[in-house]
file query.txt (compact mmCIF, C-alpha atoms and all ligand atoms)
# COMPACT_ATOMS: atom_id res chain seq x y z
CA MET A 1 -5.31 7.69 -54.12
CA LYS A 2 -2.76 9.98 -52.55
CA TYR A 3 -2.78 13.69 -53.27
CA ALA A 4 0.29 15.87 -53.09
CA ALA A 5 1.15 19.46 -53.87
CA LEU A 6 2.79 20.01 -57.26
CA LYS A 7 6.57 19.81 -57.43
CA GLY A 8 8.17 23.12 -56.55
CA MET A 9 5.01 24.46 -54.90
CA GLU A 10 5.05 24.71 -51.13
CA ASP A 11 2.40 24.96 -48.44
CA ILE A 12 3.19 27.69 -45.95
CA LEU A 13 1.80 27.19 -42.46
CA SER A 14 2.53 27.58 -38.78
CA PRO A 15 5.11 28.15 -37.36
CA ASP A 16 6.78 29.66 -40.50
CA ILE A 17 3.68 31.64 -41.40
CA ALA A 18 4.37 33.93 -38.43
CA ILE A 19 7.67 34.98 -40.05
CA TRP A 20 5.95 35.62 -43.39
CA GLN A 21 3.29 37.77 -41.75
CA ALA A 22 5.85 39.71 -39.74
CA VAL A 23 7.95 40.48 -42.85
CA GLU A 24 4.83 41.52 -44.77
CA ALA A 25 3.72 43.80 -41.93
CA LYS A 26 7.17 45.44 -41.71
CA ALA A 27 7.22 45.89 -45.48
CA ARG A 28 3.79 47.58 -45.50
CA ASP A 29 4.95 49.91 -42.74
CA ILE A 30 8.12 50.91 -44.61
CA PHE A 31 6.26 51.34 -47.93
CA ALA A 32 3.72 53.62 -46.26
CA ARG A 33 6.48 55.90 -44.93
CA TYR A 34 7.97 56.22 -48.42
CA GLY A 35 4.58 56.91 -50.02
CA PHE A 36 4.27 53.65 -51.96
CA GLN A 37 0.67 52.48 -52.52
CA GLU A 38 -0.27 48.83 -52.80
CA ILE A 39 -1.23 47.59 -56.25
CA ARG A 40 -2.83 44.19 -56.91
CA VAL A 41 -2.51 43.05 -60.49
CA PRO A 42 -3.85 39.74 -61.85
CA VAL A 43 -1.84 36.53 -61.57
CA LEU A 44 -2.81 35.65 -65.14
CA GLU A 45 -2.00 37.94 -68.08
CA SER A 46 -1.88 37.74 -71.84
CA THR A 47 1.39 35.99 -72.79
CA ASP A 48 2.61 38.83 -75.04
CA ILE A 49 2.83 41.12 -71.97
CA PHE A 50 5.74 39.05 -70.67
CA ILE A 51 7.36 38.47 -74.04
CA ARG A 52 7.27 42.22 -74.67
CA GLY A 53 8.14 43.17 -71.11
CA ILE A 54 10.84 40.71 -70.14
CA GLY A 55 12.32 40.05 -73.57
CA GLN A 56 12.40 37.04 -75.87
CA GLU A 57 16.05 36.21 -75.19
CA THR A 58 15.76 35.71 -71.44
CA ASP A 59 15.72 32.58 -69.27
CA ILE A 60 12.20 33.42 -68.15
CA VAL A 61 10.64 33.75 -71.59
CA GLU A 62 12.77 31.06 -73.22
CA LYS A 63 12.21 28.29 -70.73
CA GLU A 64 10.43 29.19 -67.51
CA MET A 65 6.91 30.43 -68.26
CA TYR A 66 3.69 28.69 -67.26
CA THR A 67 1.90 29.38 -70.51
CA PHE A 68 -1.29 27.72 -71.69
CA THR A 69 -4.24 28.28 -73.98
CA ASP A 70 -7.47 29.16 -72.18
CA LYS A 71 -10.94 27.98 -73.21
CA GLY A 72 -11.29 31.01 -75.47
CA GLY A 73 -8.16 30.03 -77.41
CA ARG A 74 -6.00 32.85 -75.98
CA SER A 75 -2.42 32.31 -74.89
CA VAL A 76 -2.18 33.26 -71.22
CA THR A 77 0.70 33.10 -68.74
CA MET A 78 0.94 32.84 -64.96
CA ARG A 79 3.00 35.89 -64.06
CA PRO A 80 6.72 35.07 -63.64
CA GLU A 81 7.41 38.54 -62.20
CA GLY A 82 5.55 41.69 -61.24
CA THR A 83 7.04 44.55 -63.23
CA ALA A 84 5.49 43.80 -66.64
CA PRO A 85 1.91 43.56 -65.23
CA VAL A 86 2.38 46.78 -63.23
CA VAL A 87 3.65 48.59 -66.34
CA ARG A 88 0.73 47.16 -68.34
CA CYS A 89 -1.63 48.60 -65.71
CA PHE A 90 0.23 51.95 -65.63
CA VAL A 91 -0.21 52.36 -69.39
CA GLU A 92 -3.74 50.91 -69.62
CA LYS A 93 -5.06 53.17 -66.82
CA ASN A 94 -3.13 56.26 -68.03
CA LEU A 95 -1.51 56.64 -64.64
CA HIS A 96 1.08 59.03 -66.11
CA THR A 97 -1.68 61.69 -66.01
CA LEU A 98 -1.62 61.53 -62.18
CA PRO A 99 0.88 63.61 -60.18
CA SER A 100 4.41 62.31 -60.62
CA PRO A 101 6.01 60.23 -59.20
CA GLN A 102 3.58 57.34 -58.95
CA LYS A 103 4.94 54.78 -56.48
CA PHE A 104 3.58 51.26 -56.05
CA TYR A 105 4.30 48.10 -54.13
CA TYR A 106 2.98 44.57 -54.53
CA MET A 107 3.16 41.24 -52.73
CA GLY A 108 2.24 37.92 -54.23
CA GLN A 109 2.91 34.65 -55.96
CA MET A 110 5.05 34.36 -59.07
CA TYR A 111 5.39 31.26 -61.26
CA ARG A 112 8.43 29.97 -63.09
CA TYR A 113 8.91 26.48 -64.47
CA GLU A 114 12.40 25.99 -63.05
CA ARG A 115 14.15 22.93 -61.66
CA PRO A 116 13.11 22.96 -57.98
CA GLN A 117 16.04 23.08 -55.56
CA LYS A 118 17.14 24.93 -52.45
CA GLY A 119 15.94 28.53 -52.80
CA ARG A 120 14.26 27.87 -56.15
CA PHE A 121 10.59 27.05 -56.48
CA ARG A 122 7.99 26.97 -59.21
CA GLN A 123 5.60 29.04 -57.15
CA PHE A 124 7.39 31.65 -55.07
CA TYR A 125 6.51 34.96 -53.48
CA GLN A 126 7.90 38.38 -54.16
CA ILE A 127 7.52 41.71 -52.46
CA GLY A 128 8.24 44.37 -55.04
CA ALA A 129 8.19 48.11 -55.58
CA GLU A 130 8.02 50.26 -58.72
CA ALA A 131 8.36 54.05 -58.99
CA PHE A 132 7.42 55.92 -62.17
CA GLY A 133 8.25 59.39 -63.43
CA VAL A 134 11.62 60.47 -62.00
CA ALA A 135 14.88 60.60 -63.96
CA ALA A 136 17.01 61.98 -61.13
CA PRO A 137 19.40 59.66 -59.24
CA ALA A 138 17.62 60.75 -56.02
CA MET A 139 14.94 58.21 -56.97
CA ASP A 140 17.47 55.41 -57.45
CA ALA A 141 18.91 56.30 -54.04
CA GLU A 142 15.45 56.37 -52.43
CA ILE A 143 14.60 52.93 -53.83
CA ILE A 144 17.90 51.44 -52.64
CA MET A 145 17.67 53.04 -49.19
CA MET A 146 14.05 51.93 -48.81
CA LEU A 147 15.06 48.36 -49.73
CA ALA A 148 17.91 48.46 -47.20
CA ASN A 149 15.57 49.78 -44.51
CA LEU A 150 12.96 47.18 -45.30
CA LEU A 151 15.41 44.27 -45.10
CA GLU A 152 16.81 45.62 -41.85
CA ALA A 153 13.33 46.13 -40.36
CA ALA A 154 12.53 42.54 -41.32
CA GLY A 155 15.44 41.47 -39.12
CA LEU A 156 18.15 40.77 -41.72
CA SER A 157 21.75 41.87 -41.42
CA GLY A 158 25.07 41.17 -43.12
CA LEU A 159 23.65 41.52 -46.62
CA ASN A 160 25.74 42.67 -49.54
CA PHE A 161 24.40 45.36 -51.91
CA GLU A 162 25.93 44.99 -55.36
CA LEU A 163 25.57 47.91 -57.74
CA ASN A 164 26.24 48.60 -61.39
CA SER A 165 25.15 50.75 -64.30
CA ILE A 166 24.55 49.00 -67.61
CA GLY A 167 24.11 52.17 -69.67
CA CYS A 168 21.38 53.33 -71.99
CA ALA A 169 20.38 53.16 -75.67
CA GLU A 170 23.30 55.54 -76.39
CA CYS A 171 26.18 53.67 -74.84
CA ARG A 172 24.95 50.07 -74.64
CA PRO A 173 25.47 49.30 -78.37
CA VAL A 174 29.13 50.37 -78.12
CA TYR A 175 29.62 48.17 -75.06
CA ARG A 176 27.77 45.30 -76.70
CA GLN A 177 30.15 45.49 -79.67
CA ALA A 178 33.18 45.55 -77.36
CA LEU A 179 31.86 42.39 -75.68
CA ARG A 180 31.31 40.67 -79.04
CA ASP A 181 34.86 41.54 -80.06
CA PHE A 182 36.14 40.01 -76.82
CA PHE A 183 33.98 36.85 -76.81
CA GLY A 184 34.20 36.30 -80.58
CA GLY A 185 37.74 34.86 -80.57
CA LYS A 186 36.89 31.87 -78.38
CA LEU A 187 33.17 31.62 -79.02
CA GLN A 188 33.25 27.84 -79.68
CA GLU A 189 34.54 27.24 -76.15
CA TYR A 190 31.51 28.87 -74.46
CA CYS A 191 28.39 26.87 -73.57
CA PRO A 192 25.66 26.55 -76.24
CA ASP A 193 23.46 29.05 -74.35
CA CYS A 194 26.23 31.65 -74.43
CA GLN A 195 26.85 31.02 -78.12
CA ARG A 196 23.23 31.94 -78.76
CA ARG A 197 23.46 34.93 -76.42
CA TYR A 198 26.45 36.19 -78.39
CA GLU A 199 24.18 37.26 -81.23
CA ALA A 200 21.00 38.09 -79.32
CA ASN A 201 22.32 39.77 -76.19
CA PRO A 202 26.02 39.34 -75.37
CA LEU A 203 25.59 41.12 -72.01
CA ARG A 204 23.89 38.01 -70.74
CA ILE A 205 27.09 36.00 -71.17
CA LEU A 206 28.33 37.93 -68.12
CA ASP A 207 25.44 36.35 -66.18
CA CYS A 208 26.20 32.72 -67.16
CA LYS A 209 26.83 30.40 -64.21
CA VAL A 210 28.74 27.68 -66.17
CA PRO A 211 32.26 27.49 -64.61
CA ARG A 212 34.07 27.32 -67.97
CA CYS A 213 32.22 30.44 -69.19
CA ILE A 214 33.11 32.27 -65.99
CA GLU A 215 36.77 31.39 -66.61
CA LEU A 216 36.68 32.41 -70.27
CA ARG A 217 35.12 35.78 -69.59
CA GLN A 218 37.88 36.88 -67.16
CA GLY A 219 39.18 40.25 -68.29
CA SER A 220 36.18 41.06 -70.49
CA PRO A 221 35.43 44.74 -71.15
CA SER A 222 33.93 46.45 -68.13
CA VAL A 223 30.68 48.37 -68.63
CA PRO A 224 31.68 51.38 -66.49
CA ASP A 225 34.43 52.14 -69.04
CA TYR A 226 31.79 52.49 -71.76
CA LEU A 227 29.14 54.66 -70.09
CA CYS A 228 28.14 57.83 -71.96
CA ASP A 229 28.39 61.16 -70.12
CA ALA A 230 24.73 61.17 -69.13
CA CYS A 231 24.90 57.64 -67.66
CA ARG A 232 28.20 58.39 -65.91
CA THR A 233 26.77 61.57 -64.35
CA HIS A 234 23.64 59.72 -63.25
CA PHE A 235 25.60 56.86 -61.68
CA ASP A 236 28.04 59.24 -59.95
CA GLY A 237 25.04 61.19 -58.62
CA LEU A 238 23.58 58.01 -57.14
CA LEU A 239 26.87 56.97 -55.55
CA ALA A 240 27.32 60.45 -54.06
CA ILE A 241 23.95 60.20 -52.29
CA LEU A 242 24.60 56.67 -51.05
CA ASP A 243 28.07 57.69 -49.83
CA SER A 244 26.81 60.71 -47.95
CA PHE A 245 24.29 58.53 -46.11
CA GLU A 246 26.90 55.82 -45.59
CA VAL A 247 24.79 53.20 -47.33
CA PRO A 248 27.19 50.28 -47.87
CA TYR A 249 27.51 48.81 -51.38
CA THR A 250 29.97 46.98 -53.63
CA LEU A 251 30.46 47.91 -57.28
CA ASN A 252 30.06 44.85 -59.50
CA PRO A 253 30.75 45.65 -63.18
CA ASN A 254 29.46 42.20 -64.20
CA LEU A 255 26.00 42.68 -62.71
CA VAL A 256 23.83 42.74 -65.83
CA ARG A 257 20.59 41.05 -64.63
CA GLY A 258 18.63 38.46 -66.55
CA LEU A 259 15.79 40.63 -67.80
CA ASP A 260 16.08 42.72 -70.95
CA TYR A 261 14.25 45.82 -69.76
CA TYR A 262 16.91 47.27 -67.49
CA THR A 263 18.77 50.51 -68.27
CA MET A 264 21.43 52.33 -66.22
CA THR A 265 21.24 51.42 -62.52
CA THR A 266 21.05 47.71 -61.64
CA PHE A 267 21.46 46.18 -58.20
CA GLU A 268 21.27 42.89 -56.41
CA VAL A 269 21.24 42.08 -52.70
CA THR A 270 22.99 38.85 -51.76
CA SER A 271 23.67 36.79 -48.65
CA GLU A 272 26.60 34.46 -48.04
CA HIS A 273 24.35 32.16 -46.01
CA LEU A 274 22.18 30.86 -48.83
CA GLY A 275 24.47 28.68 -50.96
CA ALA A 276 24.12 28.83 -54.74
CA GLN A 277 20.82 30.79 -54.81
CA LYS A 278 22.18 33.75 -52.89
CA ALA A 279 20.23 36.70 -54.34
CA VAL A 280 17.51 37.85 -51.95
CA ALA A 281 16.45 40.90 -53.93
CA ALA A 282 17.20 42.51 -57.25
CA GLY A 283 16.16 45.48 -59.28
CA GLY A 284 17.06 48.40 -61.45
CA ARG A 285 15.99 51.19 -63.72
CA TYR A 286 13.81 50.47 -66.76
CA ASP A 287 13.35 53.80 -68.52
CA ARG A 288 12.18 52.34 -71.84
CA LEU A 289 9.53 49.85 -70.72
CA VAL A 290 6.52 52.17 -70.40
CA ALA A 291 7.09 53.41 -73.96
CA GLU A 292 7.50 49.78 -75.13
CA PHE A 293 4.00 49.19 -73.82
CA GLY A 294 2.67 52.13 -75.81
CA GLY A 295 2.77 54.74 -73.03
CA PRO A 296 4.66 58.04 -73.04
CA ASP A 297 8.40 58.08 -72.29
CA THR A 298 8.46 57.53 -68.54
CA HIS A 299 11.41 56.95 -66.26
CA ALA A 300 10.96 54.03 -63.89
CA ILE A 301 12.84 51.97 -61.33
CA GLY A 302 11.95 49.05 -59.08
CA PHE A 303 13.00 45.95 -57.19
CA ALA A 304 11.69 42.55 -56.17
CA ILE A 305 12.50 40.63 -53.00
CA GLY A 306 12.39 36.81 -52.94
CA MET A 307 10.35 35.97 -49.84
CA GLU A 308 11.37 32.30 -49.48
CA ARG A 309 15.05 33.22 -49.35
CA ILE A 310 14.40 35.91 -46.74
CA VAL A 311 12.37 33.52 -44.62
CA THR A 312 15.18 30.93 -44.84
CA LEU A 313 17.64 33.50 -43.50
CA LEU A 314 15.30 34.61 -40.73
CA LYS A 315 14.68 31.00 -39.68
CA GLU A 316 18.41 30.47 -39.31
CA SER A 317 18.97 33.58 -37.26
CA SER A 318 15.95 33.52 -34.97
CA GLN A 319 13.76 31.14 -33.04
CA THR A 320 10.26 30.79 -34.44
CA GLU A 321 7.78 31.00 -31.60
CA LEU A 322 4.64 28.97 -31.83
CA ARG A 323 1.65 31.18 -31.10
CA ALA A 324 -0.41 29.90 -28.18
CA PRO A 325 -3.68 30.89 -26.51
CA LYS A 326 -3.70 32.93 -23.32
CA VAL A 327 -6.62 31.13 -21.71
CA PHE A 328 -8.17 27.69 -22.10
CA VAL A 329 -11.58 27.38 -20.43
CA ALA A 330 -12.32 23.83 -19.24
CA THR A 331 -15.87 23.04 -18.15
CA LEU A 332 -17.89 20.12 -16.78
CA GLY A 333 -21.62 19.89 -17.42
CA SER A 334 -23.79 21.76 -19.91
CA GLU A 335 -24.53 24.78 -17.67
CA ALA A 336 -20.86 25.30 -16.95
CA GLU A 337 -20.15 24.92 -20.65
CA MET A 338 -22.53 27.82 -21.43
CA GLU A 339 -20.74 29.93 -18.84
CA GLY A 340 -17.43 28.87 -20.40
CA ILE A 341 -18.48 29.88 -23.91
CA LYS A 342 -19.63 33.25 -22.50
CA ILE A 343 -16.24 33.88 -20.88
CA VAL A 344 -14.32 32.78 -23.97
CA GLU A 345 -16.36 35.13 -26.18
CA MET A 346 -15.91 38.04 -23.74
CA LEU A 347 -12.14 37.49 -23.68
CA ARG A 348 -12.02 37.36 -27.48
CA ALA A 349 -14.00 40.60 -27.65
CA LYS A 350 -11.27 42.18 -25.51
CA GLY A 351 -8.59 40.95 -27.89
CA VAL A 352 -7.41 37.94 -25.86
CA TRP A 353 -6.89 34.57 -27.57
CA ALA A 354 -9.11 32.16 -25.64
CA GLU A 355 -10.06 28.55 -26.40
CA GLN A 356 -12.99 26.43 -25.25
CA SER A 357 -13.41 22.68 -24.80
CA TYR A 358 -16.14 22.04 -27.44
CA GLY A 359 -18.48 19.77 -25.53
CA SER A 360 -17.76 17.82 -22.41
CA THR A 361 -14.93 15.37 -22.15
CA SER A 362 -13.19 14.53 -18.89
CA LEU A 363 -11.44 17.34 -17.08
CA LYS A 364 -8.21 15.43 -17.42
CA SER A 365 -8.38 15.25 -21.20
CA GLN A 366 -9.40 18.94 -21.38
CA LEU A 367 -6.36 19.96 -19.34
CA ARG A 368 -4.17 17.74 -21.46
CA ARG A 369 -5.38 19.62 -24.53
CA ALA A 370 -4.76 22.96 -22.81
CA ASP A 371 -1.20 21.82 -22.19
CA ARG A 372 -0.64 20.53 -25.73
CA ILE A 373 -1.73 23.76 -27.35
CA GLY A 374 0.49 25.68 -24.93
CA ALA A 375 -2.23 27.73 -23.20
CA GLU A 376 -0.80 29.98 -20.52
CA PHE A 377 -3.82 29.68 -18.22
CA ALA A 378 -6.55 27.11 -17.73
CA LEU A 379 -9.81 28.30 -16.21
CA ILE A 380 -11.83 25.44 -14.75
CA ILE A 381 -15.59 25.65 -14.18
CA GLY A 382 -17.34 22.53 -12.78
CA GLU A 383 -20.87 22.21 -11.41
CA ASN A 384 -19.77 23.01 -7.86
CA GLU A 385 -17.79 26.05 -8.93
CA LEU A 386 -20.76 27.27 -10.92
CA LYS A 387 -23.08 26.97 -7.88
CA ALA A 388 -20.55 28.86 -5.74
CA GLY A 389 -20.14 31.53 -8.47
CA LYS A 390 -16.41 30.82 -8.79
CA ALA A 391 -13.83 29.32 -11.12
CA GLN A 392 -10.43 27.81 -10.55
CA TRP A 393 -7.48 29.18 -12.48
CA LYS A 394 -4.20 27.48 -13.15
CA ASN A 395 -1.06 29.00 -14.59
CA MET A 396 0.08 26.11 -16.78
CA LYS A 397 3.65 27.36 -17.10
CA LYS A 398 4.33 28.28 -13.45
CA GLY A 399 2.12 25.63 -11.85
CA GLU A 400 0.42 28.27 -9.65
CA GLN A 401 -3.31 28.08 -9.08
CA GLY A 402 -6.14 29.80 -7.24
CA GLU A 403 -9.81 30.78 -7.26
CA VAL A 404 -11.54 33.75 -8.79
CA PRO A 405 -15.21 34.82 -8.55
CA LEU A 406 -16.94 34.43 -11.94
CA SER A 407 -17.86 38.11 -11.81
CA GLU A 408 -14.15 39.02 -11.67
CA VAL A 409 -12.78 36.64 -14.33
CA MET A 410 -12.49 39.33 -16.99
CA GLN A 411 -10.72 41.72 -14.67
CA PHE A 412 -8.37 38.93 -13.55
CA PHE A 413 -7.25 38.11 -17.08
CA MET A 414 -7.12 41.72 -18.25
CA GLU A 415 -4.65 42.37 -15.44
CA GLU A 416 -2.65 39.31 -16.43
CA CYS A 417 -2.43 40.43 -20.06
P1 LIG B 1 18.21 33.94 -60.13
O1 LIG B 1 19.51 34.43 -60.65
O2 LIG B 1 18.27 33.43 -58.70
O3 LIG B 1 17.49 32.99 -61.06
P2 LIG B 1 16.51 36.00 -61.15
O4 LIG B 1 17.39 37.00 -61.78
O5 LIG B 1 15.79 35.04 -62.00
O6 LIG B 1 17.30 35.23 -59.99
P3 LIG B 1 14.62 38.02 -60.41
O7 LIG B 1 13.76 37.82 -61.57
O8 LIG B 1 15.48 39.21 -60.33
O9 LIG B 1 15.49 36.71 -60.18
O10 LIG B 1 13.73 37.93 -59.08
C1 LIG B 1 14.04 38.67 -57.89
C2 LIG B 1 14.21 37.74 -56.72
O11 LIG B 1 13.18 36.77 -56.67
C3 LIG B 1 15.49 36.91 -56.76
O12 LIG B 1 16.57 37.65 -56.27
C4 LIG B 1 15.13 35.76 -55.84
O13 LIG B 1 15.30 36.12 -54.48
C5 LIG B 1 13.67 35.56 -56.10
N1 LIG B 1 13.46 34.43 -57.05
C6 LIG B 1 13.59 34.42 -58.39
N2 LIG B 1 13.28 33.21 -58.90
C7 LIG B 1 12.91 32.43 -57.84
C8 LIG B 1 12.47 31.07 -57.70
N3 LIG B 1 12.30 30.27 -58.75
N4 LIG B 1 12.20 30.62 -56.44
C9 LIG B 1 12.35 31.41 -55.36
N5 LIG B 1 12.76 32.69 -55.44
C10 LIG B 1 13.04 33.20 -56.65
MG MG B 2 16.04 33.04 -62.58
call {"tool": "encode", "arguments": {"input": "query.txt", "output": "structure tokens"}}
result
Amino acid sequence: MKYAALKGMEDILSPDIAIWQAVEAKARDIFARYGFQEIRVPVLESTDIFIRGIGQETDIVEKEMYTFTDKGGRSVTMRPEGTAPVVRCFVEKNLHTLPSPQKFYYMGQMYRYERPQKGRFRQFYQIGAEAFGVAAPAMDAEIIMMLANLLEAAGLSGLNFELNSIGCAECRPVYRQALRDFFGGKLQEYCPDCQRRYEANPLRILDCKVPRCIELRQGSPSVPDYLCDACRTHFDGLLAILDSFEVPYTLNPNLVRGLDYYTMTTFEVTSEHLGAQKAVAAGGRYDRLVAEFGGPDTHAIGFAIGMERIVTLLKESSQTELRAPKVFVATLGSEAEMEGIKIVEMLRAKGVWAEQSYGSTSLKSQLRRADRIGAEFALIIGENELKAGKAQWKNMKKGEQGEVPLSEVMQFFMEEC
């Protein structure tokens, strides 16, 4: 019987894991500076949280959710994204009663039953942020600048920030009607998905990837022409801040995003080095979602970064270094082995990665292991060395070697570190 991981679910291990950990550490550092607190919400939630949060007429809810009935007969879903659970928590715990704004970040697995391909998995990781309680465009700007800083700190460059405003409950219906008027004439020529979207949510036709649909929608009404005064002022306010800080962006009037909860500002960060799945991060404002969940009217905005796509980019642009121990202690005989374990433990207590030989094999095979795991130094303690109170050291990379009294081993390696 052979066991294998499920399709679309990846193991992440060395050497890639070092890139993951470095990105996560950078992200935590940036979030701390911007006052975002970590939040850990469950991976499993009641299914209606996602139907309500993401919207019935979306790819995620229509076809991608890992939904099943638990032993108690409840319909539960493995989270396909982080915003709906965070909003559920915000409302359930009455977090609007705390000083505003409340700012959160999360990191973790998401699950979508998609066709696995380059950049698309069934279990994938997101780093996300959500800020509640501010209507002003200064918050949109802060979120976008924080995202730009985070991606730069992670080591990414040459990314494209696409920006749009998709309006609010005031102006969206007018725009939606203008789209229907435009698409209506040739509706039969669009793909079956788009024909359904026409009724349910015509904005999503702008998001369709089918080449014929892309062709047909050339010249469709542009959302910026339909924004109400409040949305226009908000968007102009955001652009003014970004311009004054010289944050680069491209306006993309077709950027509507696949989730229903967005209002006003939407954005997507893309890379030209990823092929078809080129979005590395995406987000936007969702001013109606907290109320949808039964909370008070609360402004909110957030983003999510796709970790796998970021790691792919970082792997292309930088060498992954295999981590290796500083010292390998090789010993011969049980007394020397005790001395070896003592030294290894003392080095570890000082923060140095040290490895031992785990029982006696020949010196030759111990040194071979030291070499294979890439240890910088080997420290050799045989019976004679032990009697003389000394050890031999060998720099495995430079080929240099020498002797050091056992009483000075710690000092020797602390100086070398
Ligand atoms: P796409 O258009 O690629 O399907 P999406 O709109 O479904 O993206 P979001 O829900 O906005 O994606 O998720 C934010 C980010 O999470 C995406 O920009 C992407 O980097 C990443 N992401 C989404 N789905 C997957 C997946 N199945 N596998 C890996 N990463 C993903
Ligand atoms: Mg998707």
call {"tool": "residues_near_ligand", "arguments": {"input": "query.txt", "ligand": "ligand LIG 1 (chain B)", "cutoff": "6 Å", "atoms": "only C-alpha atoms and all ligand atoms", "output": "VMD selection string"}}
result
chain A and resid 112 119 to 122 124 257 to 258 277 279 to 282 304 to 306 309
call {"tool": "atom_distance", "arguments": {"input": "query.txt", "atom1": "atom CA of A:Arg79", "atom2": "atom CA of A:Ala22"}}
result
24.8 Å
call {"tool": "closest_residue", "arguments": {"input": "query.txt", "among": "A:Ile144, A:Leu150, A:Asp297, A:Glu335", "to": "A:Leu242", "atoms": "only C-alpha atoms"}}
result
A:Ile144
call {"tool": "closest_residue", "arguments": {"input": "query.txt", "among": "A:Cys208, A:Val43, A:Ile341, A:Leu179", "to": "A:Asp193", "atoms": "only C-alpha atoms"}}
result
A:Cys208
call {"tool": "atom_distance", "arguments": {"input": "query.txt", "atom1": "atom CA of A:Phe68", "atom2": "atom CA of A:Val290"}}
result
25.7 Å
call {"tool": "residues_around", "arguments": {"input": "query.txt", "residues": "stretch 230-240 of chain A", "least_positions_apart": "2", "cutoff": "10 Å", "atoms": "only C-alpha atoms", "output": "VMD selection string"}}
result
chain A and resid 135 to 142 144 163 to 168 170 to 171 224 to 228 242 to 247 249 251 263 to 265
call {"tool": "write_last_selection", "arguments": {"input": "query.txt", "atoms": "C-alpha atoms", "output": "mmCIF file, keeping the file's coordinate frame"}}
result
data_model
loop_
_atom_site.group_PDB
_atom_site.id
_atom_site.type_symbol
_atom_site.label_atom_id
_atom_site.label_comp_id
_atom_site.auth_asym_id
_atom_site.auth_seq_id
_atom_site.Cartn_x
_atom_site.Cartn_y
_atom_site.Cartn_z
ATOM 1 C CA ALA A 135 14.880 60.600 -63.960
ATOM 2 C CA ALA A 136 17.010 61.980 -61.130
ATOM 3 C CA PRO A 137 19.400 59.660 -59.240
ATOM 4 C CA ALA A 138 17.620 60.750 -56.020
ATOM 5 C CA MET A 139 14.940 58.210 -56.970
ATOM 6 C CA ASP A 140 17.470 55.410 -57.450
ATOM 7 C CA ALA A 141 18.910 56.300 -54.040
ATOM 8 C CA GLU A 142 15.450 56.370 -52.430
ATOM 9 C CA ILE A 144 17.900 51.440 -52.640
ATOM 10 C CA LEU A 163 25.570 47.910 -57.740
ATOM 11 C CA ASN A 164 26.240 48.600 -61.390
ATOM 12 C CA SER A 165 25.150 50.750 -64.300
ATOM 13 C CA ILE A 166 24.550 49.000 -67.610
ATOM 14 C CA GLY A 167 24.110 52.170 -69.670
ATOM 15 C CA CYS A 168 21.380 53.330 -71.990
ATOM 16 C CA GLU A 170 23.300 55.540 -76.390
ATOM 17 C CA CYS A 171 26.180 53.670 -74.840
ATOM 18 C CA PRO A 224 31.680 51.380 -66.490
ATOM 19 C CA ASP A 225 34.430 52.140 -69.040
ATOM 20 C CA TYR A 226 31.790 52.490 -71.760
ATOM 21 C CA LEU A 227 29.140 54.660 -70.090
ATOM 22 C CA CYS A 228 28.140 57.830 -71.960
ATOM 23 C CA LEU A 242 24.600 56.670 -51.050
ATOM 24 C CA ASP A 243 28.070 57.690 -49.830
ATOM 25 C CA SER A 244 26.810 60.710 -47.950
ATOM 26 C CA PHE A 245 24.290 58.530 -46.110
ATOM 27 C CA GLU A 246 26.900 55.820 -45.590
ATOM 28 C CA VAL A 247 24.790 53.200 -47.330
ATOM 29 C CA TYR A 249 27.510 48.810 -51.380
ATOM 30 C CA LEU A 251 30.460 47.910 -57.280
ATOM 31 C CA THR A 263 18.770 50.510 -68.270
ATOM 32 C CA MET A 264 21.430 52.330 -66.220
ATOM 33 C CA THR A 265 21.240 51.420 -62.520
#
call {"tool": "atom_distance", "arguments": {"input": "query.txt", "atom1": "atom CA of A:Met1", "atom2": "atom CA of A:Leu13"}}
result
23.8 Å
call {"tool": "closest_residue", "arguments": {"input": "query.txt", "among": "A:Ser357, A:Ser14, A:Thr58, A:Ser46", "to": "ligand MG 2 (chain B)", "atoms": "all atoms listed in the file"}}
result
A:Thr58
call {"tool": "closest_residue", "arguments": {"input": "query.txt", "among": "A:Ala148, A:Pro85, A:Gly158, A:Ser220", "to": "A:Asp181", "atoms": "all atoms listed in the file"}}
result
A:Ser220
call {"tool": "closest_residue", "arguments": {"input": "query.txt", "among": "A:Leu314, A:Leu44, A:Ala5, A:Val61", "to": "ligand MG 2 (chain B)", "atoms": "all atoms listed in the file"}}
result
A:Val61
call {"tool": "residues_around", "arguments": {"input": "query.txt", "residues": "stretch 322-327 of chain A", "least_positions_apart": "4", "cutoff": "7 Å", "atoms": "all atoms listed in the file", "output": "PDB file with C-alpha atoms, keeping the file's coordinate frame"}}
result
ATOM      1  CA  PRO A  15       5.110  28.150 -37.360  1.00  0.00           C
ATOM      2  CA  VAL A 352      -7.410  37.940 -25.860  1.00  0.00           C
ATOM      3  CA  TRP A 353      -6.890  34.570 -27.570  1.00  0.00           C
ATOM      4  CA  ALA A 354      -9.110  32.160 -25.640  1.00  0.00           C
ATOM      5  CA  GLU A 355     -10.060  28.550 -26.400  1.00  0.00           C
ATOM      6  CA  ILE A 373      -1.730  23.760 -27.350  1.00  0.00           C
ATOM      7  CA  GLY A 374       0.490  25.680 -24.930  1.00  0.00           C
ATOM      8  CA  ALA A 375      -2.230  27.730 -23.200  1.00  0.00           C
ATOM      9  CA  GLU A 376      -0.800  29.980 -20.520  1.00  0.00           C
ATOM     10  CA  PHE A 377      -3.820  29.680 -18.220  1.00  0.00           C
ATOM     11  CA  ALA A 378      -6.550  27.110 -17.730  1.00  0.00           C
ATOM     12  CA  LEU A 379      -9.810  28.300 -16.210  1.00  0.00           C
TER      13      LEU A 379
END
